[in-house]
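Engineer: Pasting a structure below so you can have a look.
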Amino acid sequence: SGTAHKTDDGDLVVGGVPLADLVAEHNTPAYVLDEDDFRARARAFRDAFAGWDVYYAGKAFLCTAVARWIAEEGLCLDVCSAGELAVALRAGFDPARIGYHGNNKSVAELRRAVADGVGRIIVDSFQEVDRLAMITQDTGMSARVMVRVTAGVEAHTHEYIATAHEDQKFGFSITSGDAFEAVRRLGAAPGIELLGLHSHIGSQIFDSSGFEVAARRVLALHARVSDELGVTMPEMDLGGGFGIAYTTQDDPSDPAQLATEMGKIVEHECRALGVEEPRLSIEPGRAIVGPAMCTVYTVGTVKPVMLDAGAVRTYVSVDGGMSDNIRTALYDADYSCTLAARRSDAVPVLARVVGKHCEAGDIVVRDEFLPGDVAPGDLVAVPGTGAYCRSMASNYNHSLRPPVIAVRDGVARVVVRRETEDDLLATDVG
Ligand code: LLP
């Protein structure tokens, strides 16, 4: 995807940089981030959703370089932790253009967000309402907030990442009346500016009907608040979750089509409800960064294993694994891969790309056909690893988290360096 292409010699070139050259200098495993592709995807959302605000969801992947690109492309930023906020502020990101999420923000974290001038805090519980009221009263500062509501939509996605049905930890239920009550309390709290409602229905969603149903329900509450409380909320956020193609079987979301569909629903519902359209925003993460990064590994051990039916599966071990991509093990996610630095005409074999960790579930790519002569020293690239891979990476087995190397116009630049053994040992003070 993006600016990636393969030469006749089988060299994978991303952002004008042959991966073999990049590896010669920076070693493996490494995440390779295609800056032009990232920026193009950010712009595609910004342009398609003209008149809306687009908040890039930093949980998918964030570092100071990415925060700066996001600012330069005119997007806002969604953070969901004190750590992400710290990265954004270090990058010089305008705090007024940051939204702050989380179901369990501490008083200290909220105090800091208010003091830093965060543009909107997305409130997730009655206790958080009280904490914010206390902070604004104590300090005399004001807080701009949105109310995270649960629209009761079952998005068609993996159950661990569906968030809009009722039995989960996020948000205020619309059906129980909690959402209305939260709005009532926040609307009456001095020092609190209530911006609007926020709904996020899940992640890796392809069927836009989930967004439509959610938008209808949230707008109905928005109108009810205006009718019964006389409070006109100026904004509304419809969340992220737009799916990307991990394998060729999926159809990637098209920002222009999404914008048209979502815009139509909002316009239609607002007219039907007799309310003015609030200023809308969305929070795509995966759809911007996911396809813009790949991971490159070096092959170590290659082991053919006999299967019951007499077939053979070739286990191709690489120098990373579930510590740099937990998604296959955790969500049964589907990735593909390709040889990155040579051409082969060998007959393909059924391969499984696995990591180096002490765990049988340590699988990166469950099923892929690779050339039968795949051998130690080969480079393998896994595309589509931009979202929730580096950001969910761990030090399992005391492994070192890989660097993120940005490529553009033939130049490779480290934006997150590789961890060292000294980094690992630094926290061990016993
Ligand atoms: N807004 C809110 C409030 C969210 O909770 C999320 C994701 C997003 C926006 C961005 O969603 P996206 O456009 O990236 O789908 N670790 C899982 C995904 C967890 C998503 C959490 N919230 C995975 O690897 O699939």
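Following the order of the structure tokens, first chain is A, next is B, and so on, with residues numbered from 1 inside each chain and ligands from 1 in the order they appear.
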What's the 6 Å shell around Arg342 in chain A, counting only C-alpha atoms, without same-chain residues fewer than 2 positions away, as a PyMOL selection string?
Structural biologist: chain A and resi 9-11
Engineer: Write a file of the just-selected residues containing C-alpha atoms, as a JSON list (two decimals), in the first residue's frame.
Structural biologist:
[["chain", "number", "residue", "atom", "x", "y", "z"],
["A", 9, "ASP", "CA", 14.70, -8.39, -8.11],
["A", 10, "GLY", "CA", 12.14, -8.78, -5.32],
["A", 11, "ASP", "CA", 13.40, -5.83, -3.30]]
Engineer: Just the residues within 9 Å of range 209-213 of chain A, please, counting only C-alpha atoms, with nothing from its chain fewer than 3 positions along; format it as a list of chain:residue names.
Structural biologist: A:Ala151, A:Val153, A:Glu154, A:Ala155, A:His156, A:His200, A:Ile201, A:Ile205, A:Phe206, A:Arg216, A:Arg217, A:Val218, A:Leu238, A:Gly239, A:Glu261, A:Met262, A:Ile265, A:Val266
Engineer: Which residues are near ligand 1 - at most 8 Å, using only C-alpha atoms and all ligand atoms? Format: as JSON, numbers by chain.
Structural biologist: {"A": [56, 57, 58, 59, 60, 78, 101, 161, 163, 199, 200, 202, 203, 204, 205, 239, 240, 241, 242, 243, 282, 283, 284, 285, 286, 287, 288, 327, 331, 387, 388, 389, 392]}
Engineer: For Thr247 in chain A, please output as a list in words all residues within 12 Å (counting only C-alpha atoms; exclusion window: fewer than 6 positions along the same chain).
Structural biologist: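 Those residues are Ser1, Pro291, Ala333, Asp334, Tyr335, Ser336, Cys337, Val365, Arg366, Asp367, Glu368, Val382, Pro383, Gly384 and Thr385 of chain A.
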Engineer: Restricting the calculation to only C-alpha atoms: of A:His398, A:Arg224, A:Arg41, A:Arg131, which residue gets closest to Gly290 in chain A?
Structural biologist: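 Residue with the minimum atom-to-atom distance to Gly290 in chain A: A:Arg41.
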Engineer: Go ahead and compute the interatomic distance for CA of Asp8 in chain A and CA of Ala24 in chain A, in Å to one decimal.
Structural biologist: 20.2 Å
Engineer: CA of Val289 in chain A and CA of Gly386 in chain A, how far apart in Å?
Structural biologist: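 We find that CA of Gly386 in chain A and CA of Val289 in chain A lie 5.1 Å from each other.
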Engineer: Ranking A:Leu22, A:Val296, A:Ala96, A:Ala40 by minimum distance to Asn325 in chain A and counting only C-alpha atoms, which one comes first?
Structural biologist: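 For Asn325 in chain A, the nearest of the candidates is A:Val296.
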Engineer: Within 10 Å of range 118-126 of chain A, counting only C-alpha atoms, which residues qualify if same-chain residues fewer than 6 places away don't, as a PyMOL selection string?
Structural biologist: chain A and resi 76-80+85+94-105+110+112+132+143-149+169-172+178-179+181-183+185-186+193-198
Engineer: What is the distance, in Å and to one decimal place, between CA of Leu339 in chain A and CA of Val380 in chain A?
Structural biologist: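 Going from CA of Leu339 in chain A over to CA of Val380 in chain A covers 4.6 Å.
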Engineer: Name the residues in contact with Phe45 in chain A at a cut-off of 9 Å, using only C-alpha atoms, excluding same-chain residues fewer than 2 positions from it; report them as a list of chain:residue names.
Structural biologist: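 Everything that qualifies: A:Ala40, A:Arg41, A:Ala42, A:Arg43, A:Asp47, A:Ala48, A:Phe49, A:Ala50, A:Val54, A:Leu75, A:Asp254, A:Pro255, A:Ala256, A:Ala259, A:Pro284, A:Ile288.
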